[in-house]
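Structure file protein.tsv; described as TSV, C-alpha atoms.
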chain	number	residue	atom	x	y	z
A	1	MET	CA	0.00	0.00	0.00
A	2	ILE	CA	1.21	3.50	-0.81
A	3	THR	CA	2.10	5.37	2.40
A	4	ASP	CA	3.66	8.55	1.00
A	5	PRO	CA	1.55	11.50	2.28
A	6	LEU	CA	2.29	13.46	-0.91
A	7	PHE	CA	0.50	10.80	-2.94
A	8	TYR	CA	-2.71	11.28	-0.96
A	9	VAL	CA	-2.41	15.07	-1.17
A	10	VAL	CA	-2.55	14.68	-4.96
A	11	ALA	CA	-4.87	11.65	-5.09
A	12	ALA	CA	-7.68	13.05	-2.92
A	13	PRO	CA	-8.62	15.92	-5.27
A	14	VAL	CA	-8.09	13.63	-8.29
A	15	VAL	CA	-10.69	11.17	-6.98
A	16	LEU	CA	-13.09	13.99	-6.08
A	17	LEU	CA	-12.80	15.39	-9.61
A	18	THR	CA	-13.35	11.91	-11.03
A	19	GLY	CA	-16.59	11.70	-9.07
A	20	ILE	CA	-17.64	15.15	-10.28
A	21	SER	CA	-17.03	14.05	-13.89
A	22	LYS	CA	-19.78	11.41	-13.62
A	23	THR	CA	-22.54	13.95	-12.96
A	24	GLY	CA	-22.99	15.00	-16.57
A	25	ILE	CA	-19.60	16.38	-17.62
A	26	PRO	CA	-17.66	13.24	-18.62
A	27	GLY	CA	-14.37	13.91	-20.35
A	28	LEU	CA	-13.66	17.03	-18.33
A	29	PHE	CA	-11.35	15.25	-15.89
A	30	GLY	CA	-11.04	11.92	-17.69
A	31	GLY	CA	-7.58	12.72	-18.99
A	32	MET	CA	-6.24	14.25	-15.79
A	33	ALA	CA	-6.15	11.43	-13.22
A	34	VAL	CA	-3.16	9.37	-14.37
A	35	PRO	CA	-1.07	12.38	-15.50
A	36	LEU	CA	-1.55	13.99	-12.08
A	37	LEU	CA	-0.80	10.81	-10.13
A	38	SER	CA	2.21	10.13	-12.40
A	39	LEU	CA	3.83	13.18	-10.85
A	40	VAL	CA	4.13	11.31	-7.53
A	41	VAL	CA	4.11	7.56	-8.45
A	42	ALA	CA	5.04	5.42	-11.44
A	43	PRO	CA	2.53	5.69	-14.31
A	44	ARG	CA	1.67	1.98	-14.22
A	45	GLN	CA	0.89	2.14	-10.52
A	46	ALA	CA	-1.18	5.29	-11.06
A	47	ALA	CA	-3.25	3.45	-13.68
A	48	ALA	CA	-3.63	0.40	-11.44
A	49	VAL	CA	-4.84	2.40	-8.43
A	50	MET	CA	-7.32	4.36	-10.54
A	51	LEU	CA	-8.99	1.36	-12.22
A	52	PRO	CA	-11.06	0.14	-9.21
A	53	LEU	CA	-12.02	3.74	-8.47
A	54	LEU	CA	-13.13	4.32	-12.06
A	55	CYS	CA	-15.16	1.10	-12.07
A	56	PHE	CA	-16.94	2.19	-8.88
A	57	THR	CA	-17.52	5.69	-10.24
A	58	ASP	CA	-19.00	4.27	-13.45
A	59	LEU	CA	-21.89	2.80	-11.46
A	60	PHE	CA	-23.05	6.31	-10.58
A	61	GLY	CA	-22.88	7.30	-14.23
A	62	LEU	CA	-24.94	4.29	-15.30
A	63	ARG	CA	-27.64	5.10	-12.76
A	64	ALA	CA	-27.91	8.63	-14.12
A	65	PHE	CA	-27.90	7.59	-17.81
A	66	TRP	CA	-29.57	4.18	-17.72
A	67	GLY	CA	-30.73	3.31	-21.23
A	68	VAL	CA	-29.50	6.62	-22.67
A	69	TYR	CA	-27.05	6.12	-25.57
A	70	ASP	CA	-26.91	6.38	-29.35
A	71	ARG	CA	-28.03	3.00	-30.67
A	72	ARG	CA	-26.33	3.44	-34.04
A	73	ASN	CA	-22.92	4.43	-32.75
A	74	LEU	CA	-22.44	2.48	-29.52
A	75	PRO	CA	-21.96	-0.90	-31.33
A	76	ILE	CA	-19.36	0.78	-33.56
A	77	LEU	CA	-17.54	2.19	-30.55
A	78	LEU	CA	-17.57	-1.12	-28.67
A	79	ALA	CA	-16.09	-2.96	-31.67
A	80	GLY	CA	-13.16	-0.55	-31.81
A	81	LEU	CA	-12.83	-0.61	-28.01
A	82	LEU	CA	-12.20	-4.36	-28.09
A	83	VAL	CA	-9.37	-3.90	-30.59
A	84	GLY	CA	-7.80	-1.12	-28.52
A	85	VAL	CA	-7.97	-2.99	-25.19
A	86	ILE	CA	-6.41	-6.14	-26.68
A	87	THR	CA	-3.61	-4.07	-28.25
A	88	GLY	CA	-3.00	-2.26	-24.95
A	89	ALA	CA	-2.81	-5.54	-23.05
A	90	LEU	CA	-0.25	-6.92	-25.51
A	91	ILE	CA	2.13	-3.94	-25.33
A	92	PHE	CA	1.60	-2.83	-21.72
A	93	GLY	CA	4.21	-5.10	-20.20
A	94	VAL	CA	6.98	-4.11	-22.62
A	95	VAL	CA	6.59	-0.32	-22.49
A	96	ARG	CA	9.26	1.32	-20.33
A	97	GLN	CA	8.21	3.68	-17.53
A	98	ASP	CA	9.86	6.73	-19.08
A	99	VAL	CA	8.25	5.95	-22.44
A	100	LEU	CA	4.88	5.47	-20.73
A	101	ARG	CA	5.29	8.79	-18.92
A	102	LEU	CA	6.07	10.44	-22.27
A	103	VAL	CA	3.03	8.83	-23.91
A	104	ILE	CA	0.73	9.86	-21.06
A	105	GLY	CA	2.07	13.41	-21.19
A	106	ALA	CA	1.58	13.59	-24.94
A	107	ILE	CA	-2.00	12.31	-24.57
A	108	ALA	CA	-2.67	14.96	-21.94
A	109	VAL	CA	-1.21	17.74	-24.11
A	110	ALA	CA	-3.18	16.60	-27.17
A	111	PHE	CA	-6.38	16.32	-25.15
A	112	ALA	CA	-5.93	19.79	-23.66
A	113	LEU	CA	-4.96	21.51	-26.92
A	114	ASN	CA	-7.78	19.94	-28.89
A	115	ASN	CA	-10.32	21.04	-26.33
A	116	LEU	CA	-8.86	24.53	-25.95
A	117	ALA	CA	-8.96	24.92	-29.73
A	118	GLY	CA	-12.48	23.44	-29.94
A	119	TRP	CA	-13.68	20.35	-31.78
A	120	ALA	CA	-15.32	20.56	-35.19
A	121	LYS	CA	-16.11	24.26	-35.06
A	122	ASN	CA	-17.98	25.70	-38.05
A	123	ARG	CA	-18.30	22.29	-39.70
A	124	PRO	CA	-21.52	20.58	-40.81
A	125	PRO	CA	-22.56	17.55	-38.73
A	126	ALA	CA	-20.68	14.38	-39.66
A	127	ARG	CA	-22.36	11.08	-40.47
A	128	THR	CA	-22.15	7.78	-38.64
A	129	SER	CA	-19.22	5.80	-40.04
A	130	TRP	CA	-17.98	2.31	-39.12
A	131	PRO	CA	-14.39	2.90	-40.39
A	132	ARG	CA	-14.02	6.26	-38.59
A	133	GLY	CA	-15.81	5.06	-35.48
A	134	VAL	CA	-13.78	1.87	-35.14
A	135	PHE	CA	-10.53	3.75	-35.77
A	136	TRP	CA	-11.09	6.43	-33.12
A	137	SER	CA	-12.60	4.06	-30.55
A	138	SER	CA	-9.69	1.63	-30.96
A	139	ILE	CA	-7.28	4.50	-30.27
A	140	SER	CA	-9.45	5.40	-27.29
A	141	GLY	CA	-9.32	1.80	-26.04
A	142	LEU	CA	-5.54	1.75	-26.35
A	143	THR	CA	-4.93	5.07	-24.58
A	144	SER	CA	-7.54	4.18	-21.99
A	145	PHE	CA	-5.76	0.90	-21.26
A	146	LEU	CA	-2.38	2.59	-20.92
A	147	ALA	CA	-3.45	5.67	-18.96
A	148	HIS	CA	-7.26	5.82	-18.53
A	149	ALA	CA	-7.07	8.71	-21.00
A	150	GLY	CA	-9.40	7.64	-23.77
A	151	SER	CA	-11.65	10.70	-23.85
A	152	ALA	CA	-9.95	12.68	-26.62
A	153	PRO	CA	-10.09	10.01	-29.39
A	154	VAL	CA	-13.73	9.09	-28.78
A	155	MET	CA	-14.63	12.78	-28.62
A	156	ALA	CA	-12.94	13.20	-32.01
A	157	TYR	CA	-15.51	10.83	-33.46
A	158	LEU	CA	-18.64	11.68	-31.45
A	159	LEU	CA	-18.58	15.47	-31.22
A	160	PRO	CA	-18.69	16.12	-35.00
A	161	LEU	CA	-21.90	14.04	-35.12
A	162	ARG	CA	-23.66	16.82	-33.13
A	163	LEU	CA	-25.71	14.38	-31.07
A	164	ASP	CA	-28.24	15.57	-28.53
A	165	ARG	CA	-26.20	16.57	-25.45
A	166	HIS	CA	-28.00	14.08	-23.17
A	167	VAL	CA	-27.50	11.26	-25.69
A	168	TYR	CA	-23.86	12.23	-26.23
A	169	VAL	CA	-23.12	12.15	-22.49
A	170	GLY	CA	-24.97	8.86	-22.06
A	171	THR	CA	-23.07	7.28	-24.95
A	172	THR	CA	-19.71	8.24	-23.43
A	173	VAL	CA	-20.81	6.99	-19.99
A	174	TRP	CA	-21.71	3.56	-21.41
A	175	PHE	CA	-18.56	3.45	-23.56
A	176	PHE	CA	-16.22	4.11	-20.63
A	177	PHE	CA	-18.16	1.75	-18.38
A	178	ALA	CA	-17.44	-1.01	-20.92
A	179	SER	CA	-13.85	0.21	-21.31
A	180	ASN	CA	-13.03	0.18	-17.58
A	181	TYR	CA	-14.64	-3.17	-16.82
A	182	ALA	CA	-12.96	-4.73	-19.87
A	183	LYS	CA	-9.59	-3.80	-18.34
A	184	ILE	CA	-10.10	-5.67	-15.06
A	185	ILE	CA	-9.00	-9.15	-16.21
A	186	PRO	CA	-5.99	-7.96	-18.29
A	187	TYR	CA	-4.84	-5.73	-15.41
A	188	ALA	CA	-5.13	-8.65	-13.00
A	189	VAL	CA	-3.19	-10.97	-15.35
A	190	LEU	CA	-0.49	-8.30	-15.73
A	191	GLY	CA	-0.13	-8.08	-11.92
A	192	GLN	CA	-1.45	-4.54	-11.70
A	193	LEU	CA	-4.23	-5.33	-9.24
A	194	ASP	CA	-2.02	-6.55	-6.40
A	195	LEU	CA	-3.01	-6.15	-2.75
A	196	GLY	CA	-1.00	-2.95	-2.33
A	197	ASN	CA	-2.72	-1.14	-5.18
A	198	LEU	CA	-6.15	-2.48	-4.20
A	199	ALA	CA	-5.65	-1.37	-0.59
A	200	THR	CA	-4.65	2.10	-1.76
A	201	ALA	CA	-7.75	2.30	-3.96
A	202	LEU	CA	-9.92	1.13	-1.03
A	203	VAL	CA	-8.63	3.99	1.14
A	204	LEU	CA	-9.62	6.49	-1.56
A	205	LEU	CA	-12.96	4.84	-2.41
A	206	PRO	CA	-15.13	6.87	0.05
A	207	LEU	CA	-14.17	10.05	-1.82
A	208	VAL	CA	-16.00	8.89	-4.97
A	209	PRO	CA	-19.59	9.46	-3.71
A	210	VAL	CA	-18.42	12.73	-2.14
A	211	GLY	CA	-17.21	13.86	-5.56
A	212	VAL	CA	-20.49	12.78	-7.16
A	213	ARG	CA	-22.48	14.82	-4.62
A	214	LEU	CA	-20.24	17.83	-5.19
A	215	GLY	CA	-20.85	17.51	-8.92
A	216	VAL	CA	-24.60	17.50	-8.39
A	217	ARG	CA	-24.37	20.58	-6.16
A	218	ILE	CA	-22.21	22.68	-8.48
A	219	GLN	CA	-24.16	21.87	-11.63
A	220	GLY	CA	-25.70	25.07	-12.93
A	221	LYS	CA	-23.76	27.21	-10.42
A	222	VAL	CA	-20.41	27.33	-12.20
A	223	ASP	CA	-20.07	28.53	-15.77
A	224	ASP	CA	-19.21	25.47	-17.85
A	225	GLN	CA	-16.97	27.38	-20.26
A	226	VAL	CA	-14.83	28.86	-17.47
A	227	PHE	CA	-14.69	25.51	-15.67
A	228	TYR	CA	-13.55	23.69	-18.81
A	229	ARG	CA	-10.98	26.28	-19.82
A	230	ILE	CA	-9.25	26.38	-16.42
A	231	SER	CA	-9.18	22.57	-16.28
A	232	TYR	CA	-7.73	22.18	-19.77
A	233	TRP	CA	-5.01	24.77	-19.17
A	234	ALA	CA	-4.07	22.91	-15.98
A	235	LEU	CA	-4.01	19.62	-17.89
A	236	LEU	CA	-1.80	21.18	-20.57
A	237	GLY	CA	0.75	22.19	-17.92
A	238	ILE	CA	0.70	18.72	-16.35
A	239	GLY	CA	1.13	17.07	-19.75
A	240	LEU	CA	4.09	19.27	-20.67
A	241	LYS	CA	5.76	18.44	-17.35
A	242	LEU	CA	5.33	14.71	-17.98
A	243	VAL	CA	6.66	15.01	-21.54
A	244	TYR	CA	9.71	16.83	-20.17
A	245	ASP	CA	10.22	14.14	-17.49
A	246	GLY	CA	9.82	11.36	-20.06
A	247	ILE	CA	12.37	12.89	-22.43
A	248	SER	CA	14.89	13.85	-19.75

Go ahead and express the file in the form of structure tokens.
Amino acid sequence: MITDPLFYVVAAPVVLLTGISKTGIPGLFGGMAVPLLSLVVAPRQAAAVMLPLLCFTDLFGLRAFWGVYDRRNLPILLAGLLVGVITGALIFGVVRQDVLRLVIGAIAVAFALNNLAGWAKNRPPARTSWPRGVFWSSISGLTSFLAHAGSAPVMAYLLPLRLDRHVYVGTTVWFFFASNYAKIIPYAVLGQLDLGNLATALVLLPLVPVGVRLGVRIQGKVDDQVFYRISYWALLGIGLKLVYDGIS
């Protein structure tokens, strides 16, 4: 079990923000957890500790969006997800820690920049596409397996479709529920879910419902645009720091 107090200083707000993200703003903090924790522990351990917490948090998202998803696109996304998770499982054990830190940092930077710049502005709505959907969701499955940072690729496919906001959020909730639970067996086989990491996750688990309640309370009280922009600038800084650490 992790005993370093600095880890919990960083982990506590990370878990609270993860809980907040399941109240209707998924993707806002989805790319931040592992990059933040990678500042104080190894990236693989950060991913291992977060997986049980994400699986628990997903249950709150399912309750809020039960039966709400895009029936044309979810099968496409799940097909690509399977490809990405299998690929991630095959390469996870051979990726060096400094390379993984560099990859996670690059994902964080790309996620932040793409959201700061805005997705698909001034473009007509895209159409449902199996090739595009499978491609982006497979990338999402891969980056999600490596760093629980699969939001940006799946957003690249879904946002240009201009779905109803409620349907869009529900589709991402169901997609990441499937993504996180699909990672349990491969993580266990790879030795990620050892007793130390599970005990650390158990200590942090009570913060998840607290974060969910905070998310419910602040909805409608904080301007979404300001909230997003501050978060993405913070994520950009974290990503650049990890890229620097990975290179150096």

Q: For Gly150 in chain A, please output as an MDAnalysis selection string all residues within 12 Å (counting only C-alpha atoms; exclusion window: fewer than 4 positions along the same chain).
A: chainID A and resid 26:34 77 81 84:85 88 104 107:108 110:111 136:146 154:157 172 175:177 179:180

Q: Skip range 52-65 of chain A itself and residues of its chain fewer than 5 positions away, then list as number ranges by chain all residues within 9 Å of it, counting all atoms listed in the file.
A: A: 15, 18-19, 21-24, 148, 166-167, 169-171, 173-174, 176-177, 180-181, 184, 193, 198, 201-202, 204-205, 208-209, 212

Q) Taking into account only C-alpha atoms, which residue in the set A:Ile238, A:Val83, A:Val109, A:Leu78 is nearest to Leu37 in chain A? A)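 Nearest candidate to Leu37 in chain A out of A:Ile238, A:Val83, A:Val109, A:Leu78: A:Ile238.
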
Q | Nearest residue to Phe92 in chain A from the set A:Val68, A:Ala112, A:Ala147, A:Val41 (distances using only C-alpha atoms) | A |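 Of the candidates, the smallest distance to Phe92 in chain A is held by A:Ala147.
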
Q: Report the distance between CA of Asp223 in chain A and CA of Leu207 in chain A in Å, rounded to one decimal place.
A: 23.9 Å

Q) What separation in Å, quoted to one decimal, exists between CA of Gln45 in chain A and CA of Arg101 in chain A? A) 11.6 Å

Q. What separation in Å, quoted to one decimal, exists between CA of Asp70 in chain A and CA of Leu16 in chain A?
A. 28.1 Å

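Among the candidates A:Asn197, A:Ala182, A:Asp245, A:Val203, the one nearest to Ala89 in chain A when counting all atoms listed in the file is A:Ala182.
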
Q: Rank nothing, just name the residue among A:Gly93, A:Gly67, A:Pro35, A:Pro186 nearest to Gly246 in chain A, using only C-alpha atoms.
A: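 Answer, going by the shortest atom-to-atom distance: A:Pro35.
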
Q) Looking at A:Gly80, A:Ala199, A:Arg71, A:Val226, which one is nearest to Ile2 in chain A, with distances taken over only C-alpha atoms? A) A:Ala199

Which polymer residues, protein or nucleic acid, are no farther than 10 Å from (-1.5, -5.9, -11.2), counting all atoms listed in the file, as a PDB file with C-alpha atoms, in the coordinates of the input?
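Resulting contents of part-v3.pdb:
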ATOM      1  CA  ARG A  44       1.670   1.980 -14.220  1.00  0.00           C
ATOM      2  CA  GLN A  45       0.890   2.140 -10.520  1.00  0.00           C
ATOM      3  CA  ALA A  47      -3.250   3.450 -13.680  1.00  0.00           C
ATOM      4  CA  ALA A  48      -3.630   0.400 -11.440  1.00  0.00           C
ATOM      5  CA  VAL A  49      -4.840   2.400  -8.430  1.00  0.00           C
ATOM      6  CA  ILE A 184     -10.100  -5.670 -15.060  1.00  0.00           C
ATOM      7  CA  ILE A 185      -9.000  -9.150 -16.210  1.00  0.00           C
ATOM      8  CA  PRO A 186      -5.990  -7.960 -18.290  1.00  0.00           C
ATOM      9  CA  TYR A 187      -4.840  -5.730 -15.410  1.00  0.00           C
ATOM     10  CA  ALA A 188      -5.130  -8.650 -13.000  1.00  0.00           C
ATOM     11  CA  VAL A 189      -3.190 -10.970 -15.350  1.00  0.00           C
ATOM     12  CA  LEU A 190      -0.490  -8.300 -15.730  1.00  0.00           C
ATOM     13  CA  GLY A 191      -0.130  -8.080 -11.920  1.00  0.00           C
ATOM     14  CA  GLN A 192      -1.450  -4.540 -11.700  1.00  0.00           C
ATOM     15  CA  LEU A 193      -4.230  -5.330  -9.240  1.00  0.00           C
ATOM     16  CA  ASP A 194      -2.020  -6.550  -6.400  1.00  0.00           C
ATOM     17  CA  LEU A 195      -3.010  -6.150  -2.750  1.00  0.00           C
ATOM     18  CA  GLY A 196      -1.000  -2.950  -2.330  1.00  0.00           C
ATOM     19  CA  ASN A 197      -2.720  -1.140  -5.180  1.00  0.00           C
ATOM     20  CA  LEU A 198      -6.150  -2.480  -4.200  1.00  0.00           C
TER      21      LEU A 198
END

Using the atoms already present, construct N, CA and C atoms for range 45-69 of chain A and hand them back as a PDB file, in the coordinates of the input.
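Output file rebuild.pdb follows:
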ATOM      1  N   GLN A  45       1.563   2.233 -11.812  1.00  0.00           N
ATOM      2  CA  GLN A  45       0.890   2.140 -10.520  1.00  0.00           C
ATOM      3  C   GLN A  45      -0.265   3.122 -10.435  1.00  0.00           C
ATOM      4  N   ALA A  46      -0.096   4.307 -11.020  1.00  0.00           N
ATOM      5  CA  ALA A  46      -1.180   5.290 -11.060  1.00  0.00           C
ATOM      6  C   ALA A  46      -2.387   4.711 -11.771  1.00  0.00           C
ATOM      7  N   ALA A  47      -2.160   4.053 -12.917  1.00  0.00           N
ATOM      8  CA  ALA A  47      -3.250   3.450 -13.680  1.00  0.00           C
ATOM      9  C   ALA A  47      -3.908   2.324 -12.896  1.00  0.00           C
ATOM     10  N   ALA A  48      -3.091   1.524 -12.190  1.00  0.00           N
ATOM     11  CA  ALA A  48      -3.630   0.400 -11.440  1.00  0.00           C
ATOM     12  C   ALA A  48      -4.495   0.859 -10.269  1.00  0.00           C
ATOM     13  N   VAL A  49      -4.063   1.891  -9.566  1.00  0.00           N
ATOM     14  CA  VAL A  49      -4.840   2.400  -8.430  1.00  0.00           C
ATOM     15  C   VAL A  49      -6.156   3.010  -8.897  1.00  0.00           C
ATOM     16  N   MET A  50      -6.124   3.672 -10.051  1.00  0.00           N
ATOM     17  CA  MET A  50      -7.320   4.360 -10.540  1.00  0.00           C
ATOM     18  C   MET A  50      -8.384   3.401 -11.073  1.00  0.00           C
ATOM     19  N   LEU A  51      -7.997   2.224 -11.570  1.00  0.00           N
ATOM     20  CA  LEU A  51      -8.990   1.360 -12.220  1.00  0.00           C
ATOM     21  C   LEU A  51     -10.147   0.964 -11.307  1.00  0.00           C
ATOM     22  N   PRO A  52      -9.906   0.460 -10.077  1.00  0.00           N
ATOM     23  CA  PRO A  52     -11.060   0.140  -9.210  1.00  0.00           C
ATOM     24  C   PRO A  52     -11.911   1.360  -8.897  1.00  0.00           C
ATOM     25  N   LEU A  53     -11.276   2.509  -8.763  1.00  0.00           N
ATOM     26  CA  LEU A  53     -12.020   3.740  -8.470  1.00  0.00           C
ATOM     27  C   LEU A  53     -12.895   4.138  -9.657  1.00  0.00           C
ATOM     28  N   LEU A  54     -12.358   3.995 -10.864  1.00  0.00           N
ATOM     29  CA  LEU A  54     -13.130   4.320 -12.060  1.00  0.00           C
ATOM     30  C   LEU A  54     -14.305   3.365 -12.233  1.00  0.00           C
ATOM     31  N   CYS A  55     -14.074   2.078 -11.954  1.00  0.00           N
ATOM     32  CA  CYS A  55     -15.160   1.100 -12.070  1.00  0.00           C
ATOM     33  C   CYS A  55     -16.285   1.415 -11.094  1.00  0.00           C
ATOM     34  N   PHE A  56     -15.928   1.820  -9.883  1.00  0.00           N
ATOM     35  CA  PHE A  56     -16.940   2.190  -8.880  1.00  0.00           C
ATOM     36  C   PHE A  56     -17.674   3.455  -9.303  1.00  0.00           C
ATOM     37  N   THR A  57     -16.923   4.421  -9.815  1.00  0.00           N
ATOM     38  CA  THR A  57     -17.520   5.690 -10.240  1.00  0.00           C
ATOM     39  C   THR A  57     -18.476   5.475 -11.408  1.00  0.00           C
ATOM     40  N   ASP A  58     -18.149   4.537 -12.298  1.00  0.00           N
ATOM     41  CA  ASP A  58     -19.000   4.270 -13.450  1.00  0.00           C
ATOM     42  C   ASP A  58     -20.414   3.864 -13.051  1.00  0.00           C
ATOM     43  N   LEU A  59     -20.562   3.229 -11.902  1.00  0.00           N
ATOM     44  CA  LEU A  59     -21.890   2.800 -11.460  1.00  0.00           C
ATOM     45  C   LEU A  59     -22.811   3.990 -11.237  1.00  0.00           C
ATOM     46  N   PHE A  60     -22.253   5.095 -10.770  1.00  0.00           N
ATOM     47  CA  PHE A  60     -23.050   6.310 -10.580  1.00  0.00           C
ATOM     48  C   PHE A  60     -23.469   6.882 -11.933  1.00  0.00           C
ATOM     49  N   GLY A  61     -22.549   6.813 -12.898  1.00  0.00           N
ATOM     50  CA  GLY A  61     -22.880   7.300 -14.230  1.00  0.00           C
ATOM     51  C   GLY A  61     -23.972   6.477 -14.891  1.00  0.00           C
ATOM     52  N   LEU A  62     -23.917   5.149 -14.718  1.00  0.00           N
ATOM     53  CA  LEU A  62     -24.940   4.290 -15.300  1.00  0.00           C
ATOM     54  C   LEU A  62     -26.310   4.568 -14.701  1.00  0.00           C
ATOM     55  N   ARG A  63     -26.352   4.823 -13.410  1.00  0.00           N
ATOM     56  CA  ARG A  63     -27.640   5.100 -12.760  1.00  0.00           C
ATOM     57  C   ARG A  63     -28.255   6.378 -13.330  1.00  0.00           C
ATOM     58  N   ALA A  64     -27.404   7.356 -13.608  1.00  0.00           N
ATOM     59  CA  ALA A  64     -27.910   8.630 -14.120  1.00  0.00           C
ATOM     60  C   ALA A  64     -28.306   8.547 -15.596  1.00  0.00           C
ATOM     61  N   PHE A  65     -27.659   7.658 -16.357  1.00  0.00           N
ATOM     62  CA  PHE A  65     -27.900   7.590 -17.810  1.00  0.00           C
ATOM     63  C   PHE A  65     -28.317   6.193 -18.238  1.00  0.00           C
ATOM     64  N   TRP A  66     -29.120   5.539 -17.402  1.00  0.00           N
ATOM     65  CA  TRP A  66     -29.570   4.180 -17.720  1.00  0.00           C
ATOM     66  C   TRP A  66     -30.406   4.200 -18.998  1.00  0.00           C
ATOM     67  N   GLY A  67     -29.983   3.420 -19.977  1.00  0.00           N
ATOM     68  CA  GLY A  67     -30.730   3.310 -21.230  1.00  0.00           C
ATOM     69  C   GLY A  67     -30.558   4.478 -22.175  1.00  0.00           C
ATOM     70  N   VAL A  68     -29.695   5.440 -21.824  1.00  0.00           N
ATOM     71  CA  VAL A  68     -29.500   6.620 -22.670  1.00  0.00           C
ATOM     72  C   VAL A  68     -28.180   6.484 -23.423  1.00  0.00           C
ATOM     73  N   TYR A  69     -28.241   6.207 -24.718  1.00  0.00           N
ATOM     74  CA  TYR A  69     -27.050   6.120 -25.570  1.00  0.00           C
ATOM     75  C   TYR A  69     -27.512   6.102 -27.012  1.00  0.00           C
TER      76      TYR A  69
END
